[in-house]
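A.B. asks: File name run_3.cif; file contents mmCIF, C-alpha atoms; full text below.
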```cif
data_query
loop_
_atom_site.label_atom_id
_atom_site.label_comp_id
_atom_site.auth_asym_id
_atom_site.auth_seq_id
_atom_site.Cartn_x
_atom_site.Cartn_y
_atom_site.Cartn_z
CA MET A 39 4.90 20.22 -1.17
CA MET A 40 3.55 20.64 2.32
CA ARG A 41 0.93 18.04 2.99
CA SER A 42 -1.22 17.48 6.03
CA ARG A 43 -0.54 14.00 7.35
CA VAL A 44 -3.02 14.44 10.15
CA VAL A 45 -6.54 15.42 9.19
CA PRO A 46 -7.81 16.94 5.95
CA LEU A 47 -10.83 18.27 7.85
CA ALA A 48 -8.59 20.36 10.11
CA ALA A 49 -6.91 21.85 7.06
CA LEU A 50 -10.28 22.70 5.53
CA LEU A 51 -11.51 24.32 8.72
CA ALA A 52 -8.32 26.39 8.95
CA LEU A 53 -9.07 27.67 5.46
CA GLY A 54 -12.66 28.34 6.39
CA GLY A 55 -13.76 26.38 3.34
CA VAL A 56 -15.93 23.60 4.69
CA VAL A 57 -19.49 23.62 3.42
CA ALA A 58 -21.99 21.00 4.54
CA CYS A 59 -24.07 19.78 1.61
CA THR A 60 -27.12 17.67 0.95
CA ARG A 61 -27.22 18.30 -2.79
CA ALA A 62 -24.61 18.29 -5.55
CA LYS A 63 -23.26 21.65 -6.68
CA GLU A 64 -22.04 22.37 -10.19
CA GLN A 65 -19.43 19.75 -10.97
CA ALA A 66 -16.21 20.45 -12.86
CA PRO A 67 -15.59 18.08 -15.78
CA ALA A 68 -12.94 15.51 -15.01
CA ALA A 69 -13.60 12.66 -17.40
CA ALA A 70 -10.02 11.44 -17.57
CA ALA A 71 -9.81 11.38 -13.79
CA ALA A 72 -13.10 9.58 -13.22
CA ALA A 73 -13.30 6.47 -11.07
CA PRO A 74 -12.66 3.17 -12.89
CA SER A 75 -15.31 1.34 -14.85
CA ALA A 76 -16.30 -0.67 -11.77
CA GLY A 77 -17.96 2.56 -10.68
CA HIS A 78 -18.08 4.92 -7.76
CA GLN A 79 -20.04 2.48 -5.64
CA ASP A 80 -17.27 -0.12 -5.62
CA VAL A 81 -14.69 2.55 -4.75
CA ALA A 82 -16.95 3.85 -1.97
CA ARG A 83 -17.45 0.35 -0.59
CA THR A 84 -13.69 -0.24 -0.53
CA LEU A 85 -13.02 3.02 1.33
CA VAL A 86 -15.70 2.33 3.94
CA ALA A 87 -14.37 -1.17 4.53
CA ALA A 88 -10.81 0.17 4.80
CA ALA A 89 -11.95 2.62 7.50
CA MET A 90 -13.52 -0.22 9.52
CA ILE A 91 -16.84 1.62 9.72
CA HIS A 92 -19.37 -0.07 11.97
CA SER A 93 -22.72 0.60 13.57
CA GLY A 94 -22.88 3.84 15.53
CA ASP A 95 -19.77 5.45 13.99
CA LYS A 96 -20.00 9.17 13.32
CA VAL A 97 -18.15 9.68 10.03
CA VAL A 98 -17.08 12.84 8.21
CA VAL A 99 -16.96 12.35 4.44
CA SER A 100 -14.91 15.19 2.94
CA GLY A 101 -13.95 16.12 -0.59
CA GLY A 102 -14.70 18.45 -3.47
CA VAL A 103 -17.58 19.32 -5.75
CA ARG A 104 -15.82 17.46 -8.58
CA ASP A 105 -16.40 14.15 -6.81
CA TRP A 106 -19.91 14.64 -5.50
CA ASP A 107 -21.14 11.30 -6.89
CA LEU A 108 -18.33 9.47 -5.13
CA LEU A 109 -18.92 11.35 -1.86
CA ALA A 110 -22.64 10.55 -2.01
CA ASN A 111 -21.90 6.87 -2.56
CA ILE A 112 -19.45 6.87 0.36
CA ALA A 113 -22.17 8.38 2.57
CA ILE A 114 -24.62 5.66 1.50
CA GLU A 115 -22.09 2.92 2.19
CA VAL A 116 -21.41 4.43 5.62
CA MET A 117 -25.14 4.27 6.35
CA LYS A 118 -25.30 0.67 5.11
CA ALA A 119 -22.68 -0.16 7.74
CA GLY A 120 -24.77 1.52 10.44
CA GLY A 121 -22.71 4.71 10.54
CA GLN A 122 -23.88 8.32 10.54
CA PRO A 123 -22.22 10.41 7.78
CA LEU A 124 -21.67 14.16 7.54
CA VAL A 125 -20.61 15.22 4.04
CA THR A 126 -18.45 18.33 3.61
CA VAL A 127 -17.21 19.82 0.34
CA SER A 128 -14.95 22.59 -0.89
CA ASP A 129 -12.86 23.52 -3.93
CA ASP A 130 -9.80 25.51 -4.92
CA ARG A 131 -11.81 28.66 -5.58
CA THR A 132 -13.37 28.64 -2.10
CA ASP A 133 -10.01 28.01 -0.47
CA ARG A 134 -8.46 30.98 -2.27
CA ARG A 135 -11.44 33.24 -1.62
CA SER A 136 -11.11 32.49 2.09
CA TYR A 137 -7.85 34.47 1.96
CA ASP A 138 -8.78 37.07 -0.62
CA GLU A 139 -12.12 38.04 0.93
CA VAL A 140 -11.90 37.12 4.63
CA PRO A 141 -10.03 39.61 6.85
CA ALA A 142 -6.69 38.49 8.24
CA THR A 143 -7.93 39.25 11.74
CA PHE A 144 -9.81 35.94 11.67
CA ASP A 145 -6.75 33.83 10.79
CA THR A 146 -5.96 33.24 14.47
CA THR A 147 -9.53 32.37 15.48
CA THR A 148 -9.70 29.39 17.80
CA LEU A 149 -11.30 26.59 15.78
CA THR A 150 -13.90 25.63 18.37
CA PHE A 151 -16.20 24.09 15.75
CA GLY A 152 -13.43 21.98 14.30
CA LEU A 153 -12.29 20.89 17.75
CA GLY A 154 -15.83 20.03 18.79
CA LEU A 155 -16.44 18.03 15.63
CA THR A 156 -13.13 16.20 15.99
CA ASN A 157 -14.02 15.24 19.56
CA LEU A 158 -17.33 13.86 18.29
CA MET A 159 -16.32 11.96 15.16
CA ASN A 160 -15.00 8.40 14.99
CA ALA A 161 -13.66 8.41 11.45
CA GLU A 162 -13.06 10.49 8.35
CA ILE A 163 -13.06 9.35 4.73
CA ALA A 164 -11.43 12.08 2.65
CA VAL A 165 -11.07 12.52 -1.10
CA ASP A 166 -8.46 14.98 -2.41
CA TYR A 167 -10.12 17.82 -4.28
CA GLY A 168 -7.36 20.23 -5.38
CA GLU A 169 -7.00 20.85 -9.10
CA SER A 170 -4.05 23.27 -8.96
CA ASP A 171 -0.78 23.34 -7.02
CA SER A 172 -0.63 27.14 -7.34
CA VAL A 173 -3.93 28.04 -5.66
CA MET A 174 -2.10 29.65 -2.70
CA ALA A 175 0.48 31.50 -4.78
CA GLY A 176 0.72 35.10 -3.63
CA VAL A 177 -1.09 34.61 -0.32
CA PRO A 178 0.93 36.38 2.42
CA ALA A 179 3.12 33.85 4.20
CA ALA A 180 2.11 35.20 7.60
CA ARG A 181 -1.52 34.35 6.91
CA ILE A 182 -0.72 30.79 5.86
CA ALA A 183 1.40 30.32 8.98
CA ALA A 184 -1.26 31.82 11.26
CA ARG A 185 -3.98 29.47 10.02
CA ALA A 186 -1.66 26.49 10.24
CA LYS A 187 -0.92 27.39 13.86
CA ALA A 188 -4.63 27.79 14.62
CA GLY A 189 -5.25 24.31 13.25
CA ILE A 190 -2.69 22.56 15.48
CA PRO A 191 -5.08 21.84 18.39
CA VAL A 192 -7.53 20.19 16.01
CA GLY A 193 -4.83 17.95 14.56
CA GLN A 194 -3.57 17.04 18.02
CA ALA A 195 -7.08 16.13 19.17
CA PHE A 196 -7.54 14.02 16.03
CA LEU A 197 -4.41 12.02 16.81
CA LYS A 198 -5.03 11.77 20.55
CA ARG A 199 -8.50 10.32 20.01
CA GLY A 200 -7.25 7.89 17.37
CA VAL A 201 -9.82 9.04 14.82
CA ARG A 202 -9.65 6.68 11.86
CA LEU A 203 -8.70 8.30 8.56
CA VAL A 204 -8.81 6.83 5.06
CA SER A 205 -7.80 9.35 2.40
CA LEU A 206 -8.03 8.86 -1.37
CA GLY A 207 -5.66 10.88 -3.54
CA ASN A 208 -2.33 11.01 -1.71
CA GLY A 209 -1.12 13.90 -3.87
CA LEU A 210 -1.60 11.76 -6.98
CA TYR A 211 -5.24 12.43 -7.91
CA PRO A 212 -5.04 12.49 -11.72
CA THR A 213 -5.73 16.14 -12.46
CA ALA A 214 -4.72 17.85 -15.68
CA GLN A 215 -2.04 19.87 -13.89
CA LEU A 216 -0.50 16.83 -12.23
CA ALA A 217 -0.36 15.04 -15.58
CA ALA A 218 1.42 18.04 -17.09
CA ARG A 219 3.91 18.10 -14.20
CA LEU A 220 4.62 14.39 -14.66
CA GLY A 221 4.84 14.73 -18.44
CA ARG A 222 2.23 12.03 -19.03
CA PRO A 223 -1.24 12.01 -20.66
CA GLN A 224 -3.95 12.52 -18.06
CA ALA A 225 -5.64 9.27 -19.05
CA ASP A 226 -2.40 7.38 -18.37
CA VAL A 227 -2.00 9.01 -14.96
CA ALA A 228 -5.62 8.16 -14.14
CA ASP A 229 -5.06 4.53 -15.15
CA ALA A 230 -1.93 4.34 -13.00
CA PHE A 231 -3.74 5.99 -10.08
CA TRP A 232 -6.66 3.57 -9.96
CA LYS A 233 -4.48 0.50 -10.50
CA ALA A 234 -2.17 1.57 -7.68
CA ALA A 235 -5.12 2.34 -5.41
CA ALA A 236 -6.49 -1.15 -6.00
CA LEU A 237 -3.34 -3.05 -5.02
CA SER A 238 -3.90 -5.54 -2.21
CA PRO A 239 -3.20 -4.15 1.29
CA ASP A 240 -1.72 -7.54 2.20
CA THR A 241 0.95 -7.20 -0.49
CA LEU A 242 1.86 -3.69 0.61
CA ARG A 243 1.78 -4.66 4.28
CA THR A 244 4.28 -7.46 3.68
CA ARG A 245 6.66 -5.18 1.78
CA GLY A 246 6.37 -2.44 4.38
CA ALA A 247 6.90 -4.83 7.28
CA ALA A 248 10.13 -6.13 5.76
CA LEU A 249 11.42 -2.59 5.35
CA ARG A 250 10.41 -1.63 8.90
CA ALA A 251 12.26 -4.67 10.25
CA ALA A 252 15.35 -3.58 8.35
CA LEU A 253 15.19 -0.09 9.89
CA ALA A 254 14.70 -1.57 13.36
CA SER A 255 17.75 -3.79 12.98
CA GLY A 256 20.24 -0.90 12.84
CA ARG A 257 21.18 2.39 14.42
CA THR A 258 22.32 4.75 11.67
CA LEU A 259 20.65 5.45 8.33
CA THR A 260 22.71 6.94 5.52
CA LEU A 261 20.93 8.64 2.63
CA THR A 262 22.93 9.42 -0.54
CA ALA A 263 22.19 10.39 -4.13
CA PRO A 264 24.20 11.35 -7.22
CA ASN A 265 23.14 15.01 -6.84
CA GLY A 266 25.25 15.48 -3.71
CA THR A 267 22.84 14.31 -1.03
CA HIS A 268 24.63 12.79 1.95
CA LEU A 269 22.75 12.62 5.22
CA THR A 270 23.04 10.42 8.29
CA PHE A 271 20.23 10.15 10.83
CA ALA A 272 18.34 7.75 13.08
CA VAL A 273 14.67 6.81 13.24
CA ASP A 274 12.39 5.51 15.98
CA ALA A 275 11.31 2.29 14.28
CA SER A 276 9.02 1.41 17.20
CA LYS A 277 6.76 4.30 16.16
CA ALA A 278 6.96 3.63 12.43
CA PHE A 279 3.82 2.44 10.69
CA ILE A 280 2.74 1.23 7.28
CA SER A 281 0.12 2.91 5.11
CA ASP A 282 -1.12 -0.09 3.15
CA GLY A 283 -4.62 1.08 2.23
CA ALA A 284 -6.65 -0.48 5.04
CA LEU A 285 -6.84 -0.06 8.80
CA THR A 286 -6.52 -3.03 11.14
CA PRO A 287 -7.16 -3.65 14.85
CA GLU A 288 -3.39 -3.73 15.36
CA LYS A 289 -2.98 -0.25 13.87
CA LEU A 290 -5.81 1.09 16.00
CA ARG A 291 -4.12 -0.30 19.09
CA GLN A 292 -0.93 1.52 18.11
CA GLY A 293 -3.05 4.66 17.85
CA GLY A 294 -2.18 8.16 16.76
CA ALA A 295 -1.04 8.51 13.16
CA ALA A 296 -1.08 4.72 12.69
CA SER A 297 -4.89 5.01 12.57
CA SER A 298 -4.55 6.69 9.17
CA THR A 299 -3.91 5.44 5.66
CA TRP A 300 -3.62 7.15 2.28
CA LEU A 301 -4.53 5.65 -1.11
CA PRO A 302 -2.83 4.90 -3.44
CA ALA A 303 -1.05 3.27 -0.54
CA GLY A 304 2.33 1.72 0.02
CA GLU A 305 4.44 3.79 2.41
CA LEU A 306 6.52 3.19 5.50
CA LEU A 307 6.34 6.32 7.66
CA ALA A 308 8.90 6.77 10.43
CA PRO A 309 9.71 9.68 12.75
CA ALA A 310 13.35 10.66 13.01
CA VAL A 311 15.22 10.72 16.28
CA LEU A 312 15.28 14.46 16.87
CA GLY A 313 18.78 15.88 16.88
CA SER A 314 20.29 12.98 14.92
CA ALA A 315 20.52 14.36 11.36
CA GLU A 316 23.91 15.46 9.98
CA GLY A 317 24.65 16.39 6.40
CA THR A 318 23.02 17.68 3.24
CA VAL A 319 19.88 16.97 1.24
CA VAL A 320 19.75 18.13 -2.38
CA VAL A 321 16.42 18.23 -4.23
CA ASP A 322 16.76 18.63 -7.99
CA ARG A 323 13.27 19.97 -8.61
CA TYR A 324 10.51 20.85 -6.16
CA VAL A 325 7.13 22.53 -6.71
CA PHE A 326 5.95 24.92 -4.02
CA GLN A 327 2.77 26.99 -4.51
CA GLY A 328 3.08 26.42 -8.23
CA THR A 329 6.68 27.68 -8.37
CA MET A 330 9.42 25.28 -9.45
CA ILE A 331 12.38 25.46 -7.09
CA ASP A 332 15.58 24.49 -8.85
CA SER A 333 18.32 22.69 -6.90
CA LEU A 334 17.03 23.11 -3.36
CA VAL A 335 19.83 22.47 -0.83
CA LEU A 336 19.14 21.80 2.86
CA HIS A 337 21.99 21.57 5.37
CA PHE A 338 21.51 19.90 8.76
CA SER A 339 23.65 19.89 11.89
CA ALA A 340 22.71 18.35 15.24
CA GLY A 341 19.33 17.56 13.73
CA LYS A 342 18.47 21.14 12.80
CA LEU A 343 18.17 22.90 9.46
CA THR A 344 21.05 25.36 9.41
CA SER A 345 20.69 26.73 5.88
CA MET A 346 18.35 26.60 2.89
CA SER A 347 19.36 27.69 -0.62
CA ALA A 348 18.39 27.15 -4.25
CA LYS A 349 19.36 28.28 -7.72
CA SER A 350 15.91 29.79 -8.24
CA GLY A 351 12.34 29.87 -6.94
CA LEU A 352 13.08 29.76 -3.19
CA ASP A 353 11.39 32.98 -2.04
CA PRO A 354 7.80 31.67 -1.47
CA LEU A 355 9.03 28.68 0.55
CA ARG A 356 11.46 30.78 2.54
CA ALA A 357 8.72 33.26 3.42
CA VAL A 358 6.38 30.57 4.78
CA TYR A 359 9.23 28.95 6.71
CA ASP A 360 10.28 32.26 8.28
CA ALA A 361 6.68 33.02 9.34
CA SER A 362 6.07 29.60 10.91
CA THR A 363 6.43 28.54 14.53
CA GLY A 364 7.37 25.51 16.61
CA GLY A 365 10.06 22.99 15.71
CA LYS A 366 10.10 24.00 12.06
CA ASP A 367 13.88 23.51 11.73
CA MET A 368 14.02 19.92 12.99
CA PHE A 369 14.79 17.06 10.61
CA SER A 370 11.85 14.93 11.63
CA TYR A 371 10.78 12.09 9.33
CA VAL A 372 11.41 9.74 6.45
CA ASP A 373 8.80 8.23 4.15
CA LEU A 374 9.67 5.20 2.00
CA GLY A 375 7.58 3.96 -0.92
CA VAL A 376 6.83 0.25 -1.49
CA ASN A 377 4.07 0.18 -4.14
CA PRO A 378 5.34 -1.62 -7.29
CA ALA A 379 2.24 -0.68 -9.29
CA VAL A 380 3.20 3.01 -9.41
CA GLN A 381 5.22 3.54 -12.57
CA LEU A 382 5.43 7.34 -12.60
CA PRO A 383 8.45 9.67 -12.60
CA THR A 384 9.71 10.72 -9.17
CA ASN A 385 11.87 13.62 -10.38
CA SER A 386 9.21 16.01 -11.69
CA GLY A 387 9.04 18.23 -8.62
CA ARG A 388 5.82 16.62 -7.42
CA ILE A 389 6.09 13.91 -4.76
CA VAL A 390 5.08 10.38 -5.72
CA TRP A 391 5.14 9.11 -2.16
CA MET A 392 4.30 5.47 -2.64
CA ALA A 393 6.40 4.51 -5.70
CA ALA A 394 8.57 1.52 -4.81
CA GLY A 395 12.00 2.83 -3.81
CA ALA A 396 10.90 6.46 -3.46
CA VAL A 397 12.50 8.33 -0.55
CA THR A 398 10.91 11.44 0.93
CA VAL A 399 12.34 13.26 3.94
CA GLY A 400 10.99 16.15 5.92
CA THR A 401 11.42 18.89 8.45
CA GLY A 402 9.00 20.40 10.92
CA ASP A 403 5.85 18.81 12.30
CA ASN A 404 6.07 15.01 12.34
CA THR A 405 3.00 14.10 14.36
CA GLY A 406 1.50 12.60 11.20
CA TRP A 407 4.54 10.32 10.96
CA GLY A 408 4.22 9.01 14.52
CA GLY A 409 6.52 11.61 16.11
CA SER A 410 6.14 14.29 18.76
CA ASN A 411 7.63 17.39 17.08
CA VAL A 412 4.89 20.01 16.79
CA SER A 413 5.08 22.91 14.35
CA SER A 414 2.88 25.01 12.10
CA PHE A 415 5.34 24.09 9.32
CA GLY A 416 6.02 20.83 7.57
CA LEU A 417 8.23 20.41 4.51
CA SER A 418 8.41 17.12 2.63
CA VAL A 419 10.94 16.78 -0.19
CA PRO A 420 11.70 13.88 -2.57
CA VAL A 421 15.24 12.64 -3.11
CA SER A 422 15.45 11.12 -6.60
CA SER A 423 17.54 8.02 -7.35
CA ALA A 424 18.33 7.75 -3.66
CA THR A 425 20.28 5.04 -1.89
CA LEU A 426 19.39 4.32 1.73
CA ALA A 427 21.57 2.13 3.92
CA VAL A 428 21.04 0.89 7.47
CA ASP A 429 24.38 0.48 9.25
CA GLY A 430 25.98 0.18 5.83
CA ARG A 431 23.50 -2.37 4.40
CA GLN A 432 21.51 -1.01 1.49
CA VAL A 433 17.73 -1.34 1.64
CA ILE A 434 17.14 1.00 -1.32
CA ALA A 435 19.69 1.35 -4.12
CA ALA A 436 19.48 4.11 -6.74
CA GLY A 437 15.74 4.43 -6.25
CA ALA A 438 14.96 0.71 -6.24
CA LEU A 439 13.98 -1.50 -3.31
CA LYS A 440 16.55 -4.18 -2.57
#
```
Could you take the file, read its structure, and then write that structure out as structure tokens?
C.D. replies:
Amino acid sequence: MMRSRVVPLAALLALGGVVACTRAKEQAPAAAAAAPSAGHQDVARTLVAAAMIHSGDKVVVSGGVRDWDLLANIAIEVMKAGGQPLVTVSDDRTDRRSYDEVPATFDTTTLTFGLGLTNLMNAEIAVDYGESDSVMAGVPAARIAARAKAGIPVGQAFLKRGVRLVSLGNGLYPTAQLAARLGRPQADVADAFWKAAALSPDTLRTRGAALRAALASGRTLTLTAPNGTHLTFAVDASKAFISDGALTPEKLRQGGAASSTWLPAGELLAPAVLGSAEGTVVVDRYVFQGTMIDSLVLHFSAGKLTSMSAKSGLDPLRAVYDASTGGKDMFSYVDLGVNPAVQLPTNSGRIVWMAAGAVTVGTGDNTGWGGSNVSSFGLSVPVSSATLAVDGRQVIAAGALK
């Protein structure tokens, strides 16, 4: 799945689906996905603390109508810390309508409002709101690519200013559709989600730091898997950062993407050395716009994607890739999971980023991974049961951290 690693607000503005609210709208039932018994207020307090909100901060609180109570509590906690919140909401239906009802001539509109707001805000606290992974199915690829391109300046401004971002969901918000994809009861996925989101940042930081040191100690990474994956590449470990669930002064000094974290947390994000990738990545199952792609094969030479094939389901992904611009063909990042509390399958076609031993690699834009490759396209794919070695020394073996 393509996921914005920069700023959810920019993605919303590109869709045209941001609505400022002062009152709750009709709320979709989501009992199994509700916040834990400690209540929304405790979750809100944790998110505000993680974002290091202090007096005078101008904070965007973004999410969906489903989570209005949580968004309202986040806004109150921001105010308690002396910050000034702006709450924005949307939903799947609004996002889709923005394509079905808004003329394509507006897809390339310069996002002056989004850019102005980004240059004003100090932080964003975002809550995932999508219920369906097929909401964009059937939207012309050229329109998706055009809006993504229009949103690039907003994302770049977000990173340049070091706007702090704390995002709750991380592709794992326990919706009914996600539970069906994972083959687990929704209540079980919700329980796993909240437990993983509550894991101590210190624990995750320690695990991530050890893995980052291992990457920094070598020159060549080799990624293999039983499905035929065999890829060698290099990373810029000096720009790698750890998403452990809370921001710190050290991360803010590093700046850029390091000023962001996603909960449930537990990831080491590292940009690839552009031009270094050689070999093949095989993805057994991968969901794109609600379509299951079977046996996706990506070949790389001199760091560039030279071919893309699959047994079935490739057409929607291929269309978006072909319509996109910038360094879309560059192998550009690796994302390694370190969260031991996530006990969910990593071979369902949906990415479980933070599961301990999970390996996700990507092409295209890597600015959200600390890199400099800019594109309107970003593709992240999971490699199940992967083994990752640094100069021949395994740091992940068959999907398990060493």
A.B. asks: In Å, how far is it from CA of Thr405 (chain A) to CA of Gly430 (chain A)?
C.D. replies: 28.2 Å
A.B. asks: Hey, what comes out of the PyMOL selection byres ((chain A and resi 364) around 12) on this file? Could you write it as a list in words?
C.D. replies: Ala183, Ala184, Ala186, Lys187, Ile190, Tyr359, Asp360, Ala361, Ser362, Thr363, Gly365, Lys366, Asp367, Met368, Thr401, Gly402, Asp403, Asn404, Ser410, Asn411, Val412, Ser413, Ser414, Phe415 and Gly416 of chain A
A.B. asks: Measuring atom to atom with only C-alpha atoms, identify which of A:Ala263, A:Val97, A:Leu249, A:Ala254 is nearest to Leu439 (chain A).
C.D. replies: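 Once distances to Leu439 (chain A) are computed over only C-alpha atoms, the minimum belongs to A:Leu249.
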A.B. asks: The PyMOL selection byres ((chain A and resi 298) around 9) on the file shown: which residues, as a list in words?
C.D. replies: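 That expression, the PyMOL selection byres ((chain A and resi 298) around 9), corresponds here to Arg43, Val44, Val45, Ala89, Gly200, Val201, Arg202, Leu203, Val204, Ser205, Ser281, Gly283, Ala284, Leu285, Lys289, Leu290, Gly294, Ala295, Ala296, Ser297, Thr299, Trp300 and Gly406 of chain A.
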A.B. asks: For the structure shown, which residues end up in the PyMOL selection byres ((chain A and resi 257) around 8)? Put them as a list in words, please?
C.D. replies: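 Evaluating the PyMOL selection byres ((chain A and resi 257) around 8) on these coordinates yields Leu253, Ala254, Ser255, Gly256, Thr258, Leu259, Ala272, Val273, Val428 and Asp429 of chain A.
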A.B. asks: Since the input lacks some atoms of region 153-165 of chain A, please model N, CA and C atoms and print them as a short mmCIF file (atom, residue, chain, number, x, y, z; two decimals), keeping the file's coordinate frame.
C.D. replies:
```cif
data_model
loop_
_atom_site.label_atom_id
_atom_site.label_comp_id
_atom_site.auth_asym_id
_atom_site.auth_seq_id
_atom_site.Cartn_x
_atom_site.Cartn_y
_atom_site.Cartn_z
N LEU A 153 -12.68 21.68 16.59
CA LEU A 153 -12.29 20.89 17.75
C LEU A 153 -13.47 20.10 18.29
N GLY A 154 -14.64 20.73 18.33
CA GLY A 154 -15.83 20.03 18.79
C GLY A 154 -16.20 18.87 17.89
N LEU A 155 -16.11 19.10 16.57
CA LEU A 155 -16.44 18.03 15.63
C LEU A 155 -15.44 16.89 15.72
N THR A 156 -14.15 17.23 15.87
CA THR A 156 -13.13 16.20 15.99
C THR A 156 -13.35 15.36 17.24
N ASN A 157 -13.78 15.98 18.32
CA ASN A 157 -14.02 15.24 19.56
C ASN A 157 -15.31 14.41 19.51
N LEU A 158 -16.09 14.61 18.45
CA LEU A 158 -17.33 13.86 18.29
C LEU A 158 -17.20 12.72 17.29
N MET A 159 -16.39 12.92 16.25
CA MET A 159 -16.32 11.96 15.16
C MET A 159 -15.47 10.75 15.50
N ASN A 160 -15.79 9.64 14.84
CA ASN A 160 -15.00 8.40 14.99
C ASN A 160 -14.08 8.16 13.81
N ALA A 161 -14.45 8.69 12.65
CA ALA A 161 -13.66 8.41 11.45
C ALA A 161 -13.88 9.50 10.41
N GLU A 162 -12.92 9.62 9.51
CA GLU A 162 -13.06 10.49 8.35
C GLU A 162 -12.64 9.72 7.10
N ILE A 163 -13.43 9.86 6.05
CA ILE A 163 -13.06 9.35 4.73
C ILE A 163 -12.94 10.57 3.84
N ALA A 164 -11.71 10.84 3.37
CA ALA A 164 -11.43 12.08 2.65
C ALA A 164 -11.01 11.78 1.22
N VAL A 165 -11.47 12.60 0.31
CA VAL A 165 -11.07 12.52 -1.10
C VAL A 165 -10.40 13.83 -1.48
#
```
